[in-house]
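*Asks:* This is run_7.cif, which holds mmCIF, C-alpha atoms:
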data_coords
loop_
_atom_site.label_atom_id
_atom_site.label_comp_id
_atom_site.auth_asym_id
_atom_site.auth_seq_id
_atom_site.Cartn_x
_atom_site.Cartn_y
_atom_site.Cartn_z
CA MET A 1 -28.34 5.73 33.20
CA PRO A 2 -30.02 3.72 30.47
CA ILE A 3 -33.65 2.75 30.23
CA VAL A 4 -33.82 -0.54 32.18
CA LEU A 5 -37.30 -1.49 30.95
CA ASP A 6 -38.78 -0.37 27.66
CA ALA A 7 -42.40 -0.78 26.57
CA GLN A 8 -41.86 -4.32 25.30
CA ARG A 9 -40.11 -5.46 28.50
CA ILE A 10 -42.82 -3.88 30.67
CA SER A 11 -45.47 -5.71 28.65
CA ARG A 12 -43.60 -9.01 28.98
CA SER A 13 -43.14 -8.50 32.73
CA LEU A 14 -46.86 -7.89 33.22
CA ALA A 15 -47.75 -10.92 31.09
CA ARG A 16 -45.40 -13.05 33.21
CA ILE A 17 -46.93 -11.73 36.43
CA ALA A 18 -50.43 -12.50 35.09
CA HIS A 19 -49.36 -16.09 34.36
CA GLU A 20 -47.80 -16.39 37.83
CA ILE A 21 -51.04 -15.17 39.41
CA LEU A 22 -53.03 -17.79 37.51
CA GLU A 23 -50.53 -20.51 38.45
CA ARG A 24 -50.78 -19.70 42.16
CA HIS A 25 -54.58 -19.35 42.27
CA LEU A 26 -56.77 -22.29 41.37
CA SER A 27 -59.63 -19.89 40.82
CA VAL A 28 -59.80 -16.14 40.26
CA ASP A 29 -63.47 -15.92 41.28
CA ASP A 30 -62.67 -14.13 44.55
CA LEU A 31 -59.67 -12.19 43.25
CA ALA A 32 -59.65 -8.40 42.82
CA PHE A 33 -56.91 -5.93 41.90
CA VAL A 34 -56.42 -2.62 43.70
CA GLY A 35 -53.88 -0.22 42.22
CA ILE A 36 -52.16 2.38 44.37
CA ARG A 37 -52.57 5.85 42.86
CA ARG A 38 -50.95 6.92 40.57
CA ARG A 39 -49.05 4.41 38.50
CA GLY A 40 -50.33 1.33 40.31
CA VAL A 41 -53.79 1.94 38.86
CA PRO A 42 -52.92 1.51 35.16
CA LEU A 43 -50.70 -1.43 36.07
CA ALA A 44 -53.61 -3.09 37.89
CA LYS A 45 -55.84 -2.52 34.87
CA ARG A 46 -53.21 -3.99 32.55
CA LEU A 47 -52.89 -7.07 34.78
CA ALA A 48 -56.67 -7.49 34.80
CA GLN A 49 -56.68 -7.26 31.01
CA ALA A 50 -53.86 -9.81 30.76
CA ILE A 51 -55.81 -12.23 32.98
CA HIS A 52 -58.87 -11.66 30.77
CA ASP A 53 -56.82 -12.29 27.62
CA ILE A 54 -55.52 -15.57 29.06
CA ASN A 55 -58.69 -17.08 30.54
CA LYS A 56 -61.59 -14.79 29.51
CA ILE A 57 -62.47 -13.96 33.14
CA ASP A 58 -62.91 -10.36 34.28
CA VAL A 59 -61.16 -9.49 37.53
CA PRO A 60 -62.59 -6.44 39.35
CA THR A 61 -60.17 -3.53 39.58
CA GLY A 62 -60.09 -0.55 41.90
CA ALA A 63 -57.93 2.47 42.73
CA LEU A 64 -56.64 3.41 46.18
CA ASP A 65 -55.45 6.84 47.30
CA ILE A 66 -53.10 6.63 50.30
CA THR A 67 -52.24 10.31 50.75
CA LEU A 68 -53.77 10.67 54.21
CA TYR A 69 -52.22 7.39 55.41
CA ARG A 70 -48.62 8.32 54.66
CA ASP A 71 -46.36 8.46 57.71
CA ASP A 72 -44.38 11.33 56.18
CA LEU A 73 -47.37 13.53 55.37
CA MET A 74 -46.65 16.09 58.10
CA ARG A 75 -42.93 16.15 57.24
CA THR A 76 -43.33 17.14 53.62
CA ALA A 77 -44.11 20.34 51.81
CA ILE A 78 -47.47 18.93 50.73
CA ALA A 79 -48.70 18.68 54.34
CA ALA A 80 -50.38 22.11 54.23
CA GLN A 81 -52.40 21.25 51.12
CA PRO A 82 -52.11 17.57 50.24
CA VAL A 83 -53.48 16.51 46.88
CA ILE A 84 -56.19 14.00 47.62
CA ARG A 85 -57.20 11.79 44.75
CA ARG A 86 -60.22 9.53 44.65
CA THR A 87 -60.31 6.03 46.00
CA GLU A 88 -62.51 4.00 43.70
CA ILE A 89 -63.21 0.46 44.83
CA PRO A 90 -66.56 -0.39 43.24
CA PHE A 91 -66.84 -3.80 44.91
CA SER A 92 -66.77 -5.21 48.42
CA ILE A 93 -63.33 -6.36 49.49
CA ASP A 94 -64.81 -8.59 52.22
CA ASP A 95 -63.62 -12.20 51.80
CA LYS A 96 -61.80 -11.33 48.56
CA ARG A 97 -58.19 -12.05 47.77
CA ILE A 98 -56.87 -8.59 47.03
CA LEU A 99 -53.85 -8.08 44.83
CA LEU A 100 -52.40 -4.68 45.69
CA VAL A 101 -50.49 -3.25 42.72
CA ASP A 102 -47.81 -0.55 42.67
CA ASP A 103 -45.04 0.55 40.33
CA VAL A 104 -41.96 0.55 42.62
CA LEU A 105 -41.32 -1.16 45.94
CA TYR A 106 -38.67 0.73 47.90
CA THR A 107 -38.79 1.28 51.67
CA GLY A 108 -42.15 -0.43 52.14
CA ARG A 109 -43.78 2.64 53.66
CA THR A 110 -46.14 3.21 50.72
CA ILE A 111 -47.36 -0.37 51.01
CA ARG A 112 -47.84 -0.01 54.78
CA ALA A 113 -49.98 3.06 54.13
CA ALA A 114 -51.92 1.19 51.45
CA LEU A 115 -52.62 -1.70 53.82
CA ASP A 116 -53.95 0.74 56.43
CA ALA A 117 -56.15 2.46 53.85
CA LEU A 118 -57.41 -0.80 52.34
CA ILE A 119 -58.45 -2.31 55.67
CA GLU A 120 -60.84 0.61 56.17
CA PHE A 121 -62.91 -0.78 53.28
CA GLY A 122 -63.47 -4.21 54.79
CA ARG A 123 -61.85 -7.49 55.70
CA PRO A 124 -60.25 -9.27 52.75
CA LYS A 125 -59.49 -12.98 52.88
CA ALA A 126 -55.89 -12.23 51.90
CA ILE A 127 -53.77 -9.41 50.48
CA GLN A 128 -50.90 -9.98 48.09
CA LEU A 129 -48.55 -7.48 46.48
CA ALA A 130 -47.48 -7.09 42.85
CA VAL A 131 -44.92 -4.49 41.77
CA LEU A 132 -43.32 -3.69 38.45
CA VAL A 133 -39.94 -2.92 40.08
CA ASP A 134 -38.43 -3.95 43.41
CA ARG A 135 -35.42 -1.72 44.07
CA GLY A 136 -34.57 -2.92 47.59
CA HIS A 137 -33.69 -0.76 50.63
CA ARG A 138 -36.60 -1.90 52.82
CA GLU A 139 -37.30 -0.05 56.05
CA LEU A 140 -40.30 -2.22 56.88
CA PRO A 141 -40.70 -6.01 56.64
CA ILE A 142 -42.65 -6.01 53.38
CA LYS A 143 -42.03 -8.32 50.41
CA ALA A 144 -43.76 -8.46 47.05
CA ASP A 145 -45.45 -11.70 45.96
CA TYR A 146 -45.05 -10.82 42.28
CA VAL A 147 -42.19 -8.74 40.85
CA GLY A 148 -41.66 -7.64 37.27
CA LYS A 149 -37.98 -6.81 37.76
CA ASN A 150 -35.63 -6.82 40.73
CA LEU A 151 -33.47 -3.78 40.25
CA PRO A 152 -30.72 -3.28 42.84
CA THR A 153 -30.07 0.43 43.28
CA SER A 154 -27.98 2.67 45.47
CA LEU A 155 -29.55 5.13 47.88
CA THR A 156 -28.38 7.95 45.62
CA GLN A 157 -30.42 6.68 42.69
CA SER A 158 -34.11 7.02 41.91
CA VAL A 159 -36.30 4.81 39.78
CA GLN A 160 -38.62 6.62 37.39
CA VAL A 161 -41.54 4.65 35.99
CA ARG A 162 -43.36 6.19 33.08
CA LEU A 163 -46.59 4.70 31.77
CA VAL A 164 -48.38 5.61 28.58
CA GLU A 165 -51.66 6.25 30.43
CA ILE A 166 -50.06 9.02 32.52
CA ASP A 167 -46.77 9.97 30.87
CA GLY A 168 -47.32 9.19 27.21
CA ARG A 169 -44.71 6.40 27.06
CA ASP A 170 -43.76 3.17 28.81
CA GLU A 171 -40.30 2.95 30.34
CA VAL A 172 -38.38 2.51 33.57
CA GLU A 173 -35.23 4.52 34.07
CA VAL A 174 -32.70 4.71 36.90
CA LEU A 175 -31.47 8.24 37.58
CA GLU A 176 -28.60 9.54 39.71
CA SER A 177 -29.83 12.02 42.31
#
Just give me the structure of the file as structure tokens.
*Replies:*
Amino acid sequence: MPIVLDAQRISRSLARIAHEILERHLSVDDLAFVGIRRRGVPLAKRLAQAIHDINKIDVPTGALDITLYRDDLMRTAIAAQPVIRRTEIPFSIDDKRILLVDDVLYTGRTIRAALDALIEFGRPKAIQLAVLVDRGHRELPIKADYVGKNLPTSLTQSVQVRLVEIDGRDEVEVLES
């Protein structure tokens, strides 16, 4: 399958999402971004930078590890020795509007785990969701507030997001399993 988003299209999608965020929020004073490890973190940082570039306001950004909150943890090969990464939220989430950021929205189970993990840090005023790609096939009633690209896929396909911060290049590719 071809590359469905290249570096330029990813950049444009994030710029559009940043503008949508600013259009929906009269103020960003109580807004904070929390990226889901791994690829949600650089996406959250890029969105924060885009907001800064537009209106010169810094939006706090954090990173959330959801490994221990996954409902499939005991069913996978990683259950014996899960790789736990750091959660880094250097601000209080109490009474903040949190924008949870991830790369791909699929079944909704990752987001459910992220909500469980996030609530342990406090009581936000609201939580919204931004994703680079929504590929459908929900198993839980979860919907993104901001989407870079809706990408209908079959259950036999996978969506691979590569980001320069982790993978050395920016692209989104659909692969046949």
*Asks:* For the provided coordinates, the residues matched by the PyMOL selection byres ((chain A and resi 160) around 6) should be stated as an MDAnalysis selection string.
*Replies:* chainID A and resid 159 161 172:173
*Asks:* Name every residue that the PyMOL selection byres ((chain A and resi 131) around 7) selects in this structure, writing the answer as a list in words with chains first and numbers rising.
*Replies:*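 Checked against the file, the PyMOL selection byres ((chain A and resi 131) around 7) matches Val101, Asp102, Asp103, Val104, Leu105, Leu129, Ala130, Leu132, Val133, Asp134, Ala144, Tyr146, Val147 and Gly148 of chain A.
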*Asks:* Would you kindly return, as a count of residues only, each protein, DNA or RNA residue with an atom no farther than 7 Å from any atom of Ile66 (chain A), considering all atoms listed in the file and excluding same-chain residues fewer than 2 positions away?
*Replies:* 7
*Asks:* Out of A:Val34, A:Arg135, A:Ala50, A:Gly40, which residue has the shortest atom-to-atom distance to Leu14 (chain A) when counting only C-alpha atoms?
*Replies:*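 Result for the nearest residue to Leu14 (chain A): A:Ala50.
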*Asks:* Quick one: distance from CA of Leu155 (chain A) to CA of Leu47 (chain A) in Å, one decimal?
*Replies:*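 Separating CA of Leu155 (chain A) from CA of Leu47 (chain A) is a distance of 29.4 Å.
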*Asks:* Compare A:Ile93, A:Leu100, A:Val28, A:Leu140 by their minimum atom-to-atom distance to Ile119 (chain A), counting all atoms listed in the file, and give me the closest one.
*Replies:*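 Looking only at the distances to Ile119 (chain A), the closest residue turns out to be A:Ile93.
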*Asks:* Work out how far apart CA of Phe121 (chain A) and CA of Arg24 (chain A) are and give it in Å to one decimal.
*Replies:* 25.1 Å
*Asks:* Please measure the separation of CA of Lys125 (chain A) and CA of Lys96 (chain A), giving the value in Å to one decimal.
*Replies:*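 Result for CA of Lys125 (chain A) versus CA of Lys96 (chain A): 5.2 Å, one decimal.
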*Asks:* With a distance cut-off of 7 Å and only C-alpha atoms, select the neighbouring residues of region 53-62 of chain A, excluding the residue or stretch itself and same-chain residues fewer than 3 positions from it, and output the selection as JSON, numbers by chain.
*Replies:* {"A": [31, 32, 33, 34, 35, 44, 45, 48, 49, 50, 88, 89, 90]}
*Asks:* Apply the PyMOL selection byres ((chain A and resi 165) around 12) to the file shown and report the selected residues as a PDB file with C-alpha atoms, in the coordinates of the input.
*Replies:*
ATOM      1  CA  ARG A  38     -50.950   6.920  40.570  1.00  0.00           C
ATOM      2  CA  ARG A  39     -49.050   4.410  38.500  1.00  0.00           C
ATOM      3  CA  GLY A  40     -50.330   1.330  40.310  1.00  0.00           C
ATOM      4  CA  VAL A  41     -53.790   1.940  38.860  1.00  0.00           C
ATOM      5  CA  PRO A  42     -52.920   1.510  35.160  1.00  0.00           C
ATOM      6  CA  LEU A  43     -50.700  -1.430  36.070  1.00  0.00           C
ATOM      7  CA  LYS A  45     -55.840  -2.520  34.870  1.00  0.00           C
ATOM      8  CA  ARG A  46     -53.210  -3.990  32.550  1.00  0.00           C
ATOM      9  CA  VAL A 161     -41.540   4.650  35.990  1.00  0.00           C
ATOM     10  CA  ARG A 162     -43.360   6.190  33.080  1.00  0.00           C
ATOM     11  CA  LEU A 163     -46.590   4.700  31.770  1.00  0.00           C
ATOM     12  CA  VAL A 164     -48.380   5.610  28.580  1.00  0.00           C
ATOM     13  CA  ILE A 166     -50.060   9.020  32.520  1.00  0.00           C
ATOM     14  CA  ASP A 167     -46.770   9.970  30.870  1.00  0.00           C
ATOM     15  CA  GLY A 168     -47.320   9.190  27.210  1.00  0.00           C
ATOM     16  CA  ARG A 169     -44.710   6.400  27.060  1.00  0.00           C
ATOM     17  CA  ASP A 170     -43.760   3.170  28.810  1.00  0.00           C
ATOM     18  CA  GLU A 171     -40.300   2.950  30.340  1.00  0.00           C
TER      19      GLU A 171
END
*Asks:* Given all atoms listed in the file as the basis, pick out the residue of A:Lys143, A:Arg123, A:Arg138, A:Arg37 nearest to Arg97 (chain A).
*Replies:*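 When distances to Arg97 (chain A) are compared using all atoms listed in the file, the smallest one comes from A:Arg123.
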*Asks:* Which of these, A:Ser177, A:Ser158, A:Thr153, A:Gln8, has the shortest distance to His137 (chain A) once you count all atoms listed in the file?
*Replies:* A:Thr153
*Asks:* So which one's closest to Thr87 (chain A), A:Ile36, A:Lys149, A:Pro2, A:Ile21? Using only C-alpha atoms, please.
*Replies:*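 Looking at the shortest contact to Thr87 (chain A), the residue is A:Ile36.
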*Asks:* From the list A:Asp95, A:Asp145, A:Glu139, A:Glu120, which residue is nearest Gly108 (chain A) when using all atoms listed in the file?
*Replies:* A:Glu139
*Asks:* For region 121-139 of chain A of the block above, can you save N, CA and C atoms as a PDB file, in the first residue's frame?
*Replies:*
ATOM      1  N   PHE A 121      -4.349  11.057  38.197  1.00  0.00           N
ATOM      2  CA  PHE A 121      -3.544  12.250  38.451  1.00  0.00           C
ATOM      3  C   PHE A 121      -4.371  13.447  38.903  1.00  0.00           C
ATOM      4  N   GLY A 122      -5.682  13.307  38.908  1.00  0.00           N
ATOM      5  CA  GLY A 122      -6.512  14.413  39.360  1.00  0.00           C
ATOM      6  C   GLY A 122      -7.847  14.425  38.644  1.00  0.00           C
ATOM      7  N   ARG A 123      -8.522  15.568  38.789  1.00  0.00           N
ATOM      8  CA  ARG A 123      -9.861  15.706  38.212  1.00  0.00           C
ATOM      9  C   ARG A 123      -9.884  16.868  37.223  1.00  0.00           C
ATOM     10  N   PRO A 124      -9.685  16.554  35.942  1.00  0.00           N
ATOM     11  CA  PRO A 124      -9.715  17.623  34.940  1.00  0.00           C
ATOM     12  C   PRO A 124     -11.132  18.167  34.752  1.00  0.00           C
ATOM     13  N   LYS A 125     -11.198  19.387  34.262  1.00  0.00           N
ATOM     14  CA  LYS A 125     -12.492  20.007  33.933  1.00  0.00           C
ATOM     15  C   LYS A 125     -13.136  19.266  32.763  1.00  0.00           C
ATOM     16  N   ALA A 126     -12.318  18.888  31.800  1.00  0.00           N
ATOM     17  CA  ALA A 126     -12.800  18.169  30.619  1.00  0.00           C
ATOM     18  C   ALA A 126     -11.621  17.460  29.971  1.00  0.00           C
ATOM     19  N   ILE A 127     -11.920  16.401  29.228  1.00  0.00           N
ATOM     20  CA  ILE A 127     -10.899  15.681  28.464  1.00  0.00           C
ATOM     21  C   ILE A 127     -11.402  15.573  27.033  1.00  0.00           C
ATOM     22  N   GLN A 128     -10.563  15.989  26.100  1.00  0.00           N
ATOM     23  CA  GLN A 128     -10.856  15.832  24.682  1.00  0.00           C
ATOM     24  C   GLN A 128      -9.772  14.942  24.080  1.00  0.00           C
ATOM     25  N   LEU A 129     -10.035  14.475  22.854  1.00  0.00           N
ATOM     26  CA  LEU A 129      -9.124  13.555  22.193  1.00  0.00           C
ATOM     27  C   LEU A 129      -8.754  14.069  20.807  1.00  0.00           C
ATOM     28  N   ALA A 130      -7.448  14.077  20.531  1.00  0.00           N
ATOM     29  CA  ALA A 130      -6.932  14.402  19.201  1.00  0.00           C
ATOM     30  C   ALA A 130      -6.102  13.223  18.716  1.00  0.00           C
ATOM     31  N   VAL A 131      -6.344  12.803  17.470  1.00  0.00           N
ATOM     32  CA  VAL A 131      -5.578  11.707  16.878  1.00  0.00           C
ATOM     33  C   VAL A 131      -5.136  12.103  15.481  1.00  0.00           C
ATOM     34  N   LEU A 132      -3.997  11.604  15.078  1.00  0.00           N
ATOM     35  CA  LEU A 132      -3.529  11.847  13.714  1.00  0.00           C
ATOM     36  C   LEU A 132      -4.377  11.067  12.718  1.00  0.00           C
ATOM     37  N   VAL A 133      -4.682   9.793  13.048  1.00  0.00           N
ATOM     38  CA  VAL A 133      -5.441   8.924  12.147  1.00  0.00           C
ATOM     39  C   VAL A 133      -6.559   8.228  12.914  1.00  0.00           C
ATOM     40  N   ASP A 134      -7.767   8.269  12.342  1.00  0.00           N
ATOM     41  CA  ASP A 134      -8.885   7.473  12.856  1.00  0.00           C
ATOM     42  C   ASP A 134      -9.169   6.412  11.806  1.00  0.00           C
ATOM     43  N   ARG A 135      -8.921   5.148  12.163  1.00  0.00           N
ATOM     44  CA  ARG A 135      -9.076   4.063  11.179  1.00  0.00           C
ATOM     45  C   ARG A 135     -10.367   3.275  11.349  1.00  0.00           C
ATOM     46  N   GLY A 136     -11.217   3.660  12.319  1.00  0.00           N
ATOM     47  CA  GLY A 136     -12.488   2.966  12.496  1.00  0.00           C
ATOM     48  C   GLY A 136     -12.345   1.688  13.306  1.00  0.00           C
ATOM     49  N   HIS A 137     -13.382   0.857  13.261  1.00  0.00           N
ATOM     50  CA  HIS A 137     -13.433  -0.455  13.931  1.00  0.00           C
ATOM     51  C   HIS A 137     -13.518  -0.340  15.449  1.00  0.00           C
ATOM     52  N   ARG A 138     -14.307   0.594  15.954  1.00  0.00           N
ATOM     53  CA  ARG A 138     -14.440   0.792  17.388  1.00  0.00           C
ATOM     54  C   ARG A 138     -15.054  -0.409  18.092  1.00  0.00           C
ATOM     55  N   GLU A 139     -14.517  -0.736  19.243  1.00  0.00           N
ATOM     56  CA  GLU A 139     -15.085  -1.737  20.139  1.00  0.00           C
ATOM     57  C   GLU A 139     -15.682  -1.077  21.377  1.00  0.00           C
TER      58      GLU A 139
END
